[in-house]
Structures are given as C-alpha cells and as structure tokens.
$ cat model.txt   # compact mmCIF, C-alpha atoms and all ligand atoms
# COMPACT_ATOMS: atom_id res chain seq x y z
CA MET V 18 91.91 65.75 -32.00
CA THR V 19 88.54 67.35 -31.53
CA SER V 20 88.16 70.18 -29.18
CA SER V 21 84.39 69.99 -28.99
CA ALA V 22 84.16 66.28 -28.22
CA THR V 23 82.35 65.64 -24.98
CA ILE V 24 83.31 62.68 -22.91
CA PRO V 25 80.14 60.76 -22.04
CA SER V 26 79.66 60.45 -18.31
CA ASN V 27 80.08 56.93 -17.09
CA PRO V 28 76.78 55.21 -17.90
CA SER V 29 77.12 52.64 -15.14
CA PRO V 30 78.98 54.17 -12.25
CA ILE V 31 80.02 52.06 -9.28
CA LEU V 32 77.39 52.53 -6.58
CA ALA V 33 78.78 50.35 -3.82
CA CYS V 34 81.79 48.32 -2.78
CA THR V 35 82.35 45.39 -0.54
CA VAL V 36 85.37 45.83 1.71
CA CYS V 37 86.84 42.63 3.11
CA ARG V 38 89.89 40.43 3.54
CA ASP V 39 88.56 37.94 1.00
CA VAL V 40 85.12 38.38 -0.51
CA GLN V 41 84.97 34.66 -1.34
CA ASN V 42 84.38 34.04 2.37
CA PHE V 43 81.08 35.89 2.00
CA GLU V 44 79.41 34.23 -0.97
CA LEU V 45 75.92 35.18 0.09
CA LEU V 46 77.00 38.80 0.09
CA ILE V 47 78.19 38.50 -3.51
CA VAL V 48 74.82 37.06 -4.49
CA ASP V 49 72.93 39.85 -2.72
CA MET V 50 75.12 42.61 -4.12
CA GLU V 51 74.59 41.30 -7.65
CA GLY V 52 70.85 41.06 -7.04
CA ILE V 53 70.65 44.66 -5.84
CA LEU V 54 73.26 46.40 -7.98
CA GLY V 55 73.87 44.23 -11.04
CA GLU V 56 77.37 45.08 -12.21
CA GLN V 57 77.54 48.43 -10.50
CA TRP V 58 79.62 47.33 -7.55
CA GLY V 59 83.20 46.48 -6.82
CA ASP V 60 85.28 44.71 -4.23
CA LEU V 61 88.12 46.24 -2.21
CA GLY V 62 90.66 44.83 0.23
CA PHE V 63 91.16 46.69 3.52
CA ASP V 64 94.35 48.27 2.31
CA ASP V 65 92.97 49.49 -1.02
CA ALA V 66 89.81 50.86 0.52
CA LEU V 67 91.36 54.02 1.98
CA GLN V 68 93.15 54.77 -1.24
CA PHE V 69 90.02 54.25 -3.31
CA LEU V 70 87.86 56.40 -1.05
CA ALA V 71 90.25 59.28 -1.63
CA GLN V 72 89.85 59.06 -5.43
CA PRO V 73 87.27 60.83 -7.62
CA ASP V 74 85.88 57.40 -8.63
CA ALA V 75 84.51 57.05 -5.12
CA GLU V 76 82.18 60.01 -5.65
CA THR V 77 79.37 57.86 -6.99
CA LEU V 78 79.39 55.41 -4.07
CA GLU V 79 76.23 55.14 -2.00
CA PHE V 80 77.57 52.69 0.53
CA ILE V 81 80.35 50.32 1.42
CA ALA V 82 79.61 46.89 2.87
CA ILE V 83 82.41 46.01 5.27
CA ALA V 84 82.37 42.25 5.74
CA ILE V 85 84.38 40.95 8.66
CA ASP V 86 84.88 37.84 10.74
CA ASP V 87 86.74 37.11 13.96
CA TYR V 88 90.13 37.24 12.18
CA ASP V 89 89.58 40.88 11.38
CA GLU V 90 89.12 42.01 14.96
CA GLU V 91 92.78 42.79 15.29
CA ASN V 92 92.38 45.33 12.50
CA LEU V 93 89.77 47.49 14.21
CA ASP V 94 91.84 50.65 13.86
CA LEU V 95 92.10 50.27 10.11
CA LEU V 96 88.38 49.50 9.89
CA LEU V 97 87.61 52.65 11.85
CA GLU V 98 89.77 54.66 9.51
CA ILE V 99 87.86 53.26 6.52
CA ILE V 100 84.51 54.03 8.16
CA ASN V 101 85.61 57.59 8.91
CA ALA V 102 86.95 58.13 5.41
CA ALA V 103 83.58 56.97 4.02
CA LYS V 104 81.68 59.19 6.44
CA ALA V 105 83.73 62.20 5.44
CA ARG V 106 82.45 61.67 1.88
CA ASN V 107 78.85 61.04 2.91
CA ILE V 108 79.07 57.33 2.07
CA HIS V 109 77.14 54.95 4.32
CA SER V 110 78.95 52.02 5.93
CA ILE V 111 77.17 48.75 6.52
CA LEU V 112 78.88 46.13 8.67
CA ILE V 113 78.38 42.49 7.75
CA ALA V 114 79.81 40.44 10.59
CA GLU V 115 80.35 36.77 11.32
CA ASP V 116 81.59 35.61 14.75
CA VAL V 117 82.67 39.09 15.78
CA THR V 118 82.56 39.94 19.49
CA PRO V 119 79.89 42.38 20.68
CA ALA V 120 82.67 44.63 22.04
CA SER V 121 84.20 45.08 18.58
CA LEU V 122 80.83 45.58 16.93
CA HIS V 123 79.90 48.14 19.53
CA LYS V 124 83.11 50.03 18.93
CA LEU V 125 82.64 50.12 15.17
CA LEU V 126 79.01 51.16 15.40
CA ARG V 127 79.67 53.79 18.00
CA ASN V 128 82.47 55.27 15.98
CA GLY V 129 80.60 55.81 12.76
CA ALA V 130 79.37 52.58 11.11
CA ASP V 131 75.72 53.14 10.15
CA GLU V 132 74.20 49.68 10.17
CA PHE V 133 74.95 46.10 11.05
CA ILE V 134 73.72 42.81 9.54
CA PRO V 135 74.86 39.40 10.81
CA TYR V 136 76.38 36.91 8.38
CA PRO V 137 75.02 34.58 6.96
CA LEU V 138 72.77 37.35 5.67
CA PRO V 139 69.10 36.87 6.47
CA GLU V 140 67.11 36.72 3.23
CA GLY V 141 66.25 40.12 1.77
CA GLU V 142 67.89 42.02 4.66
CA LEU V 143 70.54 43.85 2.65
CA LYS V 144 68.04 44.78 -0.05
CA GLU V 145 65.68 46.24 2.51
CA LEU V 146 68.44 48.18 4.16
CA VAL V 147 69.65 49.65 0.87
CA ALA V 148 66.08 50.67 -0.01
CA LYS V 149 65.71 52.36 3.39
CA MET V 150 69.06 54.08 2.99
CA ARG V 151 68.16 55.40 -0.44
CA SER V 152 64.94 56.90 0.85
CA THR V 153 66.66 58.75 3.71
CA PRO V 154 69.03 61.63 3.06
CA ALA V 155 72.76 60.97 3.36
CA PRO V 156 74.27 61.78 6.76
CA GLU V 157 75.86 65.20 7.17
CA ALA V 158 79.60 65.07 6.77
CA VAL V 159 80.99 65.36 10.29
CA THR V 160 83.31 68.22 10.94
CA VAL V 161 86.07 67.10 13.22
CA ALA V 162 88.47 69.48 14.92
CA PRO V 163 91.82 69.08 13.18
CA THR V 164 94.49 67.00 14.86
CA VAL V 165 97.98 68.40 15.24
CA ALA V 166 100.93 67.59 13.02
CA LEU V 167 104.00 67.16 15.20
CA GLN V 168 107.35 65.92 14.04
CA ASN V 169 110.09 64.23 15.97
CA SER V 170 112.68 66.89 16.54
CA ALA V 171 115.91 66.61 18.36
CA GLN V 172 115.47 69.89 20.12
CA SER V 173 113.03 70.19 22.99
CA ARG V 174 111.18 73.39 23.85
CA ASP V 175 111.46 72.40 27.52
CA GLY V 176 107.97 73.68 28.17
CA VAL V 177 106.86 75.01 31.53
CA LEU V 178 104.53 72.54 33.25
CA LEU V 179 101.59 74.00 35.15
CA ALA V 180 99.19 71.66 36.94
CA VAL V 181 95.77 72.57 38.34
CA HIS V 182 94.23 70.42 41.08
CA GLY V 183 90.89 71.06 42.77
CA LEU V 184 91.16 70.52 46.51
CA SER V 185 87.47 69.79 46.52
CA GLY V 186 84.94 69.22 43.76
CA GLY V 187 83.63 72.17 41.81
CA THR V 188 86.19 74.68 43.05
CA GLY V 189 86.96 75.83 39.51
CA ALA V 190 90.03 73.75 38.64
CA THR V 191 88.94 73.06 35.08
CA THR V 192 87.70 76.61 34.56
CA LEU V 193 91.13 77.84 35.65
CA ALA V 194 93.05 75.30 33.53
CA VAL V 195 91.08 76.07 30.36
CA ASN V 196 91.19 79.84 30.75
CA LEU V 197 94.80 79.95 31.85
CA ALA V 198 95.77 77.95 28.76
CA TRP V 199 93.76 80.31 26.55
CA GLU V 200 95.25 83.46 28.11
CA LEU V 201 98.79 82.13 27.75
CA ALA V 202 98.13 81.19 24.13
CA ASN V 203 96.89 84.73 23.48
CA SER V 204 99.45 86.58 25.56
CA SER V 205 101.16 88.07 22.55
CA LYS V 206 99.94 88.91 19.06
CA ASP V 207 102.94 87.74 17.10
CA ASN V 208 105.06 85.86 19.57
CA ALA V 209 102.58 83.86 21.63
CA PRO V 210 103.91 80.74 23.31
CA ARG V 211 102.85 77.34 22.04
CA VAL V 212 100.34 75.98 24.54
CA CYS V 213 99.06 72.46 25.16
CA LEU V 214 96.24 71.62 27.56
CA LEU V 215 96.08 68.05 28.88
CA ASP V 216 92.95 66.73 30.58
CA PHE V 217 94.28 64.16 33.04
CA ASP V 218 90.95 64.00 34.83
CA VAL V 219 90.56 60.93 32.64
CA GLN V 220 87.26 59.80 34.14
CA PHE V 221 85.16 62.91 34.50
CA GLY V 222 87.29 65.47 32.71
CA SER V 223 85.25 68.35 31.35
CA VAL V 224 87.82 70.17 29.24
CA SER V 225 86.13 68.69 26.15
CA THR V 226 82.79 70.12 27.27
CA TYR V 227 84.20 73.52 28.17
CA LEU V 228 85.85 73.80 24.73
CA ASP V 229 83.19 71.90 22.79
CA LEU V 230 85.62 69.32 21.45
CA PRO V 231 84.70 65.67 20.84
CA ARG V 232 86.30 62.99 23.01
CA ARG V 233 88.20 60.77 20.65
CA GLU V 234 89.20 57.12 20.72
CA ALA V 235 92.72 58.14 19.68
CA VAL V 236 93.21 59.51 23.21
CA PHE V 237 92.40 56.15 24.74
CA GLU V 238 94.82 54.46 22.38
CA LEU V 239 97.55 56.96 23.19
CA ILE V 240 97.30 56.85 26.96
CA THR V 241 97.02 53.08 27.13
CA ASP V 242 100.10 52.50 25.00
CA THR V 243 102.55 55.23 25.84
CA GLU V 244 105.51 52.99 25.11
CA GLY V 245 104.58 53.02 21.44
CA MET V 246 103.98 56.78 21.46
CA ASP V 247 105.95 59.13 19.25
CA SER V 248 105.51 62.78 18.35
CA GLU V 249 103.26 61.90 15.47
CA SER V 250 100.84 59.70 17.41
CA PHE V 251 100.81 62.24 20.24
CA GLY V 252 99.82 64.93 17.74
CA GLN V 253 97.07 62.76 16.32
CA ALA V 254 95.46 62.41 19.73
CA LEU V 255 95.52 66.21 20.18
CA GLN V 256 92.97 68.62 18.75
CA GLU V 257 93.58 72.16 17.70
CA TYR V 258 91.36 74.74 19.40
CA GLU V 259 90.66 77.90 17.38
CA GLY V 260 94.11 77.62 15.85
CA LYS V 261 95.57 78.85 19.13
CA MET V 262 96.25 75.87 21.36
CA SER V 263 96.36 72.08 21.33
CA VAL V 264 94.15 70.01 23.59
CA LEU V 265 94.27 66.41 24.78
CA THR V 266 90.74 65.71 26.02
CA ALA V 267 89.80 62.82 28.30
CA PRO V 268 89.01 59.56 26.44
CA PRO V 269 85.40 58.76 25.44
CA ASP V 270 84.80 56.05 28.04
CA ILE V 271 85.47 56.07 31.76
CA ILE V 272 88.69 54.22 32.51
CA PRO V 273 90.15 53.29 35.90
CA LEU V 274 92.55 55.98 37.11
CA ASP V 275 95.19 53.37 37.90
CA LEU V 276 95.18 52.07 34.34
CA LEU V 277 97.81 54.74 33.92
CA SER V 278 101.19 54.40 35.58
CA SER V 279 103.66 57.09 36.59
CA GLU V 280 105.79 56.06 33.61
CA ASP V 281 102.86 56.63 31.22
CA ILE V 282 102.28 60.07 32.66
CA GLU V 283 105.98 60.95 32.57
CA ARG V 284 106.20 59.97 28.90
CA ILE V 285 103.19 62.06 27.94
CA LEU V 286 104.47 65.07 29.89
CA GLU V 287 107.91 64.76 28.37
CA THR V 288 106.57 64.60 24.83
CA ALA V 289 104.27 67.55 25.48
CA ARG V 290 107.10 69.63 26.97
CA GLN V 291 109.22 68.83 23.96
CA HIS V 292 106.75 70.47 21.58
CA TYR V 293 105.13 73.22 23.64
CA ASP V 294 106.27 76.22 25.66
CA TYR V 295 103.48 75.76 28.20
CA VAL V 296 101.83 72.50 29.18
CA ILE V 297 98.78 72.87 31.42
CA VAL V 298 97.41 69.79 33.15
CA ASP V 299 93.93 69.48 34.65
CA MET V 300 94.29 66.92 37.45
CA PRO V 301 91.65 64.65 38.98
CA LYS V 302 90.78 65.69 42.51
CA THR V 303 91.61 62.27 43.93
CA LEU V 304 95.24 61.53 44.76
CA VAL V 305 96.36 58.72 42.46
CA VAL V 306 99.51 56.67 41.95
CA TRP V 307 100.75 59.15 39.37
CA THR V 308 99.95 62.39 41.22
CA GLU V 309 103.54 62.40 42.41
CA ALA V 310 104.82 62.13 38.83
CA VAL V 311 102.95 65.31 37.87
CA LEU V 312 103.86 67.10 41.09
CA SER V 313 107.55 66.46 40.69
CA ALA V 314 107.59 67.41 37.00
CA ALA V 315 105.50 70.56 37.54
CA HIS V 316 107.03 74.02 37.73
CA VAL V 317 103.94 75.33 39.48
CA TYR V 318 101.14 73.25 41.01
CA LEU V 319 98.00 75.32 41.44
CA ALA V 320 95.52 74.05 44.05
CA THR V 321 92.04 75.57 43.82
CA MET V 322 89.87 75.94 46.90
CA GLU V 323 86.98 77.95 48.23
CA ILE V 324 86.49 79.61 51.55
CA ASP V 325 84.61 76.77 53.21
CA MET V 326 85.25 74.00 55.70
CA ARG V 327 85.36 71.32 53.02
CA SER V 328 88.21 72.96 51.10
CA ALA V 329 90.05 73.80 54.33
CA GLN V 330 89.93 70.22 55.56
CA ASN V 331 90.98 68.81 52.21
CA ALA V 332 93.84 71.30 51.99
CA MET V 333 95.02 70.10 55.39
CA ARG V 334 94.75 66.43 54.38
CA ILE V 335 96.64 66.92 51.15
CA LYS V 336 99.33 68.90 52.87
CA ARG V 337 99.78 66.12 55.45
CA ALA V 338 99.75 63.38 52.81
CA LEU V 339 102.41 65.11 50.73
CA GLN V 340 104.57 65.90 53.74
CA ALA V 341 104.36 62.31 54.99
CA GLU V 342 105.67 61.08 51.65
CA ASP V 343 108.34 63.74 51.56
CA LEU V 344 106.91 65.19 48.37
CA PRO V 345 107.64 68.73 47.18
CA PHE V 346 104.72 70.22 48.99
CA GLU V 347 106.14 73.74 48.68
CA LYS V 348 105.34 73.72 44.95
CA LEU V 349 101.65 74.09 45.72
CA ARG V 350 100.26 77.55 45.08
CA TYR V 351 96.88 78.00 46.61
CA VAL V 352 94.20 79.66 44.55
CA LEU V 353 91.11 80.85 46.37
CA ASN V 354 88.20 80.82 43.94
CA ARG V 355 85.05 82.87 44.46
CA ALA V 356 87.10 84.91 46.89
CA PRO V 357 85.47 87.72 48.84
CA LYS V 358 85.75 91.16 47.22
CA PHE V 359 88.43 93.59 48.38
CA THR V 360 85.81 95.81 49.89
CA ASP V 361 84.47 92.94 51.98
CA LEU V 362 86.49 93.47 55.14
CA THR V 363 85.13 90.54 57.12
CA GLY V 364 85.74 88.41 54.03
CA LYS V 365 89.35 89.53 53.95
CA SER V 366 89.91 88.57 57.55
CA ARG V 367 88.30 85.19 56.91
CA VAL V 368 90.81 84.56 54.13
CA LYS V 369 93.65 85.50 56.45
CA ARG V 370 92.35 83.23 59.22
CA LEU V 371 92.01 80.35 56.75
CA ALA V 372 95.58 80.78 55.51
CA ASP V 373 96.95 81.10 59.06
CA SER V 374 95.11 78.04 60.32
CA LEU V 375 96.55 75.95 57.50
CA SER V 376 99.98 77.61 57.68
CA ILE V 377 99.86 78.31 53.99
CA SER V 378 99.86 81.48 52.00
CA ILE V 379 97.03 82.04 49.58
CA ASP V 380 98.66 83.77 46.65
CA VAL V 381 95.92 84.00 44.08
CA LEU V 382 92.41 85.24 44.68
CA LEU V 383 89.85 84.73 41.90
CA PRO V 384 86.55 86.58 42.01
CA ASP V 385 83.13 85.13 41.39
CA GLY V 386 82.38 85.81 37.73
CA GLY V 387 78.68 85.04 38.00
CA ARG V 388 76.57 83.22 35.45
CA PRO V 389 78.55 84.27 32.37
CA VAL V 390 81.27 81.87 33.51
CA MET V 391 78.99 78.85 33.36
CA ASN V 392 77.33 80.11 30.19
CA GLY V 393 80.70 80.47 28.47
CA SER V 394 81.66 76.90 29.41
CA ASP V 395 78.31 75.60 28.27
CA HIS V 396 78.92 77.22 24.90
CA GLY V 397 82.34 75.65 24.72
CA GLN V 398 84.31 78.89 24.87
CA PRO V 399 86.95 80.33 27.17
CA LEU V 400 86.07 83.62 28.86
CA GLY V 401 88.46 85.49 26.58
CA LEU V 402 85.98 84.77 23.77
CA SER V 403 82.63 84.59 25.55
CA ALA V 404 82.98 87.34 28.19
CA PRO V 405 86.27 89.20 27.82
CA LYS V 406 85.33 91.85 30.37
CA ASN V 407 84.40 89.37 33.07
CA PRO V 408 86.30 90.00 36.34
CA LEU V 409 87.32 86.33 36.56
CA ARG V 410 88.85 86.55 33.09
CA LYS V 411 90.83 89.63 34.06
CA GLU V 412 92.33 87.92 37.12
CA ILE V 413 93.22 84.77 35.17
CA ALA V 414 94.88 86.94 32.50
CA LYS V 415 96.98 88.57 35.26
CA LEU V 416 97.96 85.17 36.59
CA ALA V 417 98.95 84.10 33.06
CA GLU V 418 101.06 87.23 32.72
CA SER V 419 102.85 86.44 35.98
CA LEU V 420 103.54 82.92 34.75
CA LEU V 421 105.19 84.09 31.55
CA ASP V 422 108.53 84.33 33.23
CA VAL V 423 108.65 81.10 35.22
CA ASP V 424 112.14 79.64 35.29
CA GLN V 425 112.02 76.95 32.61
CA SER V 426 114.75 74.72 33.98
CA ASP V 427 113.72 71.19 34.84
CA PRO V 428 112.19 71.21 38.34
CA LYS V 429 113.36 67.64 38.97
CA ALA V 430 116.95 68.70 38.43
CA ALA V 431 116.61 71.43 41.09
N1 LIG M 501 84.95 82.19 39.76
C1 LIG M 501 83.84 81.64 39.27
N2 LIG M 501 82.75 82.41 39.04
C2 LIG M 501 81.60 81.87 38.55
N3 LIG M 501 81.45 80.58 38.22
C3 LIG M 501 82.50 79.76 38.41
C4 LIG M 501 83.75 80.24 38.93
N4 LIG M 501 84.61 79.20 39.00
C5 LIG M 501 83.94 78.12 38.55
N5 LIG M 501 82.67 78.45 38.18
C6 LIG M 501 81.62 77.53 37.69
O1 LIG M 501 81.53 76.48 38.66
C7 LIG M 501 81.32 75.22 38.04
C8 LIG M 501 82.42 74.25 38.45
O2 LIG M 501 83.64 74.70 37.91
P1 LIG M 501 84.75 73.69 37.36
O3 LIG M 501 84.15 72.63 36.53
O4 LIG M 501 85.83 74.52 36.78
O5 LIG M 501 85.26 73.06 38.74
P2 LIG M 501 86.19 71.79 38.97
O6 LIG M 501 86.96 72.06 40.20
O7 LIG M 501 86.95 71.49 37.75
O8 LIG M 501 85.08 70.69 39.22
P3 LIG M 501 85.22 69.09 39.20
O9 LIG M 501 85.46 68.71 40.61
O10 LIG M 501 83.87 68.65 38.70
O11 LIG M 501 86.35 68.75 38.28
C9 LIG M 501 81.28 75.49 36.55
O12 LIG M 501 79.93 75.61 36.17
C10 LIG M 501 81.98 76.83 36.39
O13 LIG M 501 81.47 77.55 35.28
MG MG M 502 87.21 69.67 36.71
$ encode --input "model.txt" --output "structure tokens"
Amino acid sequence: MTSSATIPSNPSPILACTVCRDVQNFELLIVDMEGILGEQWGDLGFDDALQFLAQPDAETLEFIAIAIDDYDEENLDLLLEIINAAKARNIHSILIAEDVTPASLHKLLRNGADEFIPYPLPEGELKELVAKMRSTPAPEAVTVAPTVALQNSAQSRDGVLLAVHGLSGGTGATTLAVNLAWELANSSKDNAPRVCLLDFDVQFGSVSTYLDLPRREAVFELITDTEGMDSESFGQALQEYEGKMSVLTAPPDIIPLDLLSSEDIERILETARQHYDYVIVDMPKTLVVWTEAVLSAAHVYLATMEIDMRSAQNAMRIKRALQAEDLPFEKLRYVLNRAPKFTDLTGKSRVKRLADSLSISIDVLLPDGGRPVMNGSDHGQPLGLSAPKNPLRKEIAKLAESLLDVDQSDPKAA
C-alpha cells in the first residue's frame, strides 16, 4: 500500500447523458451524441436519472438530453423533478420531443427545461446547441424556499382558523392576513404558535408577492387533487418563510374559482389545522361556492372595509346574502382599514354612523400606515421586518395578541 500514490483524475469524464424510456427509440440522438461527445456520454432511464444526479459522478455533466414521446406525457411530474435536480447542479436540460403536446412542452420549458429540439433531430441542431451552451455561462443555481416536512400524526393541533375577506377590492385584506400571520408566529420568543398562511385568492392572490415567494406548480397539483392529499404532499406544497411560518401561495396560473369544491377546501383546512396552531386564510373578494365552507369552519372571519360608499354597500350585500342562506353571519368581525385617527372627531362620528346604518359593530380600526406599507410588501416583507414601528404594524400586533386566546373548540360543533 502506498501512501503517496495519487489517483489519476478520470481522463474521460462523462459530459452528458441521455434520459429516456428507451434510447433505442431515438437512434438519431445516439448518432448525434456520439458525433459530439465520442464516448463521454451515458444513457439513463427516468428512474435512475434522479439517483445519478445526486451522485458525485454527475459533477462533470454539462447537460442532459431528455428524449420523450407521447407515451411519456403521463410522467411529467417525474420529468420536472429530473429537470429541477439538474438545475440545482447547474446542469442544462435539453428536451428532445416527438409527438408531445404543446401543453406538456410548455409546462416543461416553463418549469426549468432550457431548450427544446423536435425529433427527428434536424441535422446539426444538437451540435449547434451544445456549442452555444458551452460558450454561455451555466445558469445560476436557483434558490428555492424550502418546503415543509410534515408527517402524518394521529394527534391534531386543532388549529384556530382565521379568515380575512376584503369587502371591496384593495381594502387591505392581504396586508392584514400576511401581517397577522407574521405577528402570531412571532408572538413569543420560545413558545410561538405554529402558523400557516393559506392564499385562497387562487386567481389573483398576492401573498406570494408580499412575501417574495415563488408560485409553485405543486400548489396546483395539491388543490386540484385533494382526495390524494396527505400530510406529506400538503407539506411539499407549502413554503417556509424566514423559518417562522408556512405559506401556501396561489398556484402559478389563473384557475377558475369553481374548480375547487367545498370538499376540497374542507380537506385542506382540516389538514392545515391538524399541523398548525393558527391557520390564516386570505379569501377572494367574490363569494364562491366554497365561501360557506370557510365561513363555517372559521373561528373568526375578519371582513376588511374602508369608510366609503363602496365598502358600505358591499357590507350590506354580503350581510343580506349570508342571512338569506342562514349562514353564521355573526362570525364576521368588521375591520375598518385606513380608519380616521382618534383625534379626528368628525371621522369618529362617520365611523359610528356607518356602523349604525349597517347595524354592525366595527371592532377593529386599522390606521393608514402610509407608503412604508406598500414599500414593505413590494420588498416581500411583513411590516414586523420592514417597518416595525409603523402604526399599522402596532395595531395588527394588538389584534394578534387578542386572538391568542380564541376558544379552539371546533366552531362547527358549537
Ligand atoms: N393601512 C394601510 N396603510 C397604508 N397602505 C395600506 C394599508 N392597507 C393596505 N395598504 C396598501 O394598499 C394596497 C392594497 O392592499 P391589499 O393588497 O392588502 O388589499 P386587498 O384587499 O388584499 O386587495 P385585493 O382586492 O387586490 O385582494 C397595498 O399596496 C397595500 O400596501
Ligand atoms: Mg388581496
């Protein structure tokens, strides 16, 4: 045994791999790969690819050529995983596709594949692409917010469900939902509750923007197949924010609100309540088939409004609609955003007149926090981080404090 012997580094490392169900279906690809790389390439099946990409041998790879045909379209999830694993190691992915629908191609390209060449390969195309790739620097490895590891556990935390619904557009529902979640998650140094924020404004939800989190395909998959959901898949659709709270953003593409049923919503809420002490839901401002599901499961349903005719009329309409359906209208707690200051006496009497005319009580008044509020959201941070002394932040922190002792028993059982 020699201690000074040096192991020669591999003289002909593997520079690329084809990834396909059966490479023999893509003979022209074999010919091109040999022409470009000689012996310095290998072939992987879909299942081996992930394993290989995790090994040190994969370090020398410049690209993978994923060759697919129409049979492989049912495996899109696995393909996306392979593409992401390659991306995480700065390896390019080139799609070689025969008879694949534009929808599938679009999905693969949008979610990380770098290039696409149709099969049969046009002469010289792959060679040109590889030359171009070699002359441009490798893509930056993407940093993705970590997902959340949840395990099935028999015991539920029976989380408190808080919903936030804007009675008209732009009245601060999302700002309240995001900041309330953050304040609850930071309400104690060593014994903070576990908090989960769900963006159910599935079309235009802006939680992802306000917290600078990417919208992920996993959310779409979760909410469109809730029957197959378990704790693990729920956790994988969530993202961790600053190590303090978990967030389910809206999905990447706009989906019809009625794609979701009340049962879907109930399942998601139940799973969330099982794992978290507080579940905060940002609702769409339209009433939808599943609004009732959230309303009846909620412990507190916060309705944001402003002191204007539009909010007043919408408040009246919603109140009537809920009463007509015999829904638990009394759960609504009205939040007046951009409320007049205490010193503004005429403002105060306007608030009182508004509440009297609607026969409601307005329990929570939130002040205008000025531009720092919008700036904080634009930077993807809650006020607690971007402007801790902001008056709006202080009021939301007080509201969070008051919600720490909500009776946790199931509202539906009441
Ligand atoms: N109290 C406040 N002080 C200052 N700015 C505020 C306040 N509340 C909300 N904003 C700002 O108003 C804008 C709209 O707020 P937000 O997105 O929270 O409303 P929304 O009700 O969720 O709107 P949408 O109907 O689009 O869902 C944002 O730019 C936000 O930063
Ligand atoms: Mg909103």
$ residues_around --input "model.txt" --residues "region 376-381 of chain V" --least-positions-apart "6" --cutoff "7 Å" --atoms "all atoms listed in the file" --output "VMD selection string"
chain V and resid 350 to 353
$ atom_distance --input "model.txt" --atom1 "CA of Ser204 (chain V)" --atom2 "CA of Val311 (chain V)"
24.8 Å
$ residues_near_ligand --input "model.txt" --ligand "ligand MG 502 (chain M)" --cutoff "7 Å" --atoms "all atoms listed in the file" --output "list in words"
Gly187, Gly189, Ala190, Thr191, Gly222 and Ser223 of chain V
$ closest_atom_pairs --input "model.txt" --of "chain V" --to "ligand LIG 501 (chain M)" --cutoff "10 Å" --atoms "all atoms listed in the file" --output "CSV"
residue,atom,partner,partner_atom,distance
V:Val181,CA,M:LIG501,O7,8.9
V:His182,CA,M:LIG501,O6,7.5
V:Gly183,CA,M:LIG501,O6,4.8
V:Leu184,CA,M:LIG501,O6,7.7
V:Ser185,CA,M:LIG501,O9,6.3
V:Gly186,CA,M:LIG501,O9,3.2
V:Gly187,CA,M:LIG501,O8,3.3
V:Thr188,CA,M:LIG501,O6,3.9
V:Gly189,CA,M:LIG501,O4,3.2
V:Ala190,CA,M:LIG501,O6,3.8
V:Thr191,CA,M:LIG501,O7,3.7
V:Thr192,CA,M:LIG501,O4,3.6
V:Leu193,CA,M:LIG501,O4,6.4
V:Ala194,CA,M:LIG501,O4,8.0
V:Val195,CA,M:LIG501,O4,8.4
V:Asn196,CA,M:LIG501,O4,9.7
V:Asp218,CA,M:LIG501,O11,7.5
V:Gln220,CA,M:LIG501,O11,9.9
V:Phe221,CA,M:LIG501,O11,7.1
V:Gly222,CA,M:LIG501,O11,6.5
V:Ser223,CA,M:LIG501,O3,6.8
V:Val224,CA,M:LIG501,O3,8.5
V:Thr226,CA,M:LIG501,O3,9.7
V:Tyr227,CA,M:LIG501,O3,8.4
V:Asp299,CA,M:LIG501,O7,7.9
V:Met300,CA,M:LIG501,O11,8.2
V:Pro301,CA,M:LIG501,O11,6.7
V:Lys302,CA,M:LIG501,O9,6.4
V:Thr303,CA,M:LIG501,O9,9.5
V:Ala320,CA,M:LIG501,O6,9.6
V:Thr321,CA,M:LIG501,O6,7.2
V:Met322,CA,M:LIG501,O6,8.3
V:Glu323,CA,M:LIG501,N4,9.6
V:Leu353,CA,M:LIG501,N1,9.1
V:Asn354,CA,M:LIG501,N1,5.5
V:Arg355,CA,M:LIG501,N1,4.7
V:Ala356,CA,M:LIG501,N1,7.9
V:Leu382,CA,M:LIG501,N1,9.4
V:Leu383,CA,M:LIG501,N1,5.9
V:Pro384,CA,M:LIG501,N1,5.2
V:Asp385,CA,M:LIG501,N2,3.6
V:Gly386,CA,M:LIG501,N2,3.7
V:Gly387,CA,M:LIG501,C2,4.3
V:Arg388,CA,M:LIG501,C2,6.1
V:Pro389,CA,M:LIG501,C2,7.3
V:Val390,CA,M:LIG501,O13,4.7
V:Met391,CA,M:LIG501,O13,3.4
V:Asn392,CA,M:LIG501,O13,7.0
V:Gly393,CA,M:LIG501,O13,7.4
V:Ser394,CA,M:LIG501,O13,5.9
V:Asp395,CA,M:LIG501,O13,7.9
V:Leu400,CA,M:LIG501,O13,10.0
V:Asn407,CA,M:LIG501,N2,9.3
V:Pro408,CA,M:LIG501,N1,8.6
V:Leu409,CA,M:LIG501,N1,5.7
V:Arg410,CA,M:LIG501,N1,8.9
V:Glu412,CA,M:LIG501,N1,9.7
V:Ile413,CA,M:LIG501,N1,9.8
$ residues_around --input "model.txt" --residues "Phe69 (chain V)" --least-positions-apart "5" --cutoff "12 Å" --atoms "only C-alpha atoms" --output "list in words"
Ile31, Ala33, Cys34, Val36, Gly59, Asp60, Leu61, Gly62, Phe63, Asp64, Asp74, Ala75, Glu76, Thr77, Leu78, Ile81, Ile99, Ala102, Ala103 and Arg106 of chain V
$ closest_residue --input "model.txt" --among "V:Gly252, V:Pro28, V:Val296, V:Ser225" --to "Arg174 (chain V)" --atoms "only C-alpha atoms"
V:Val296
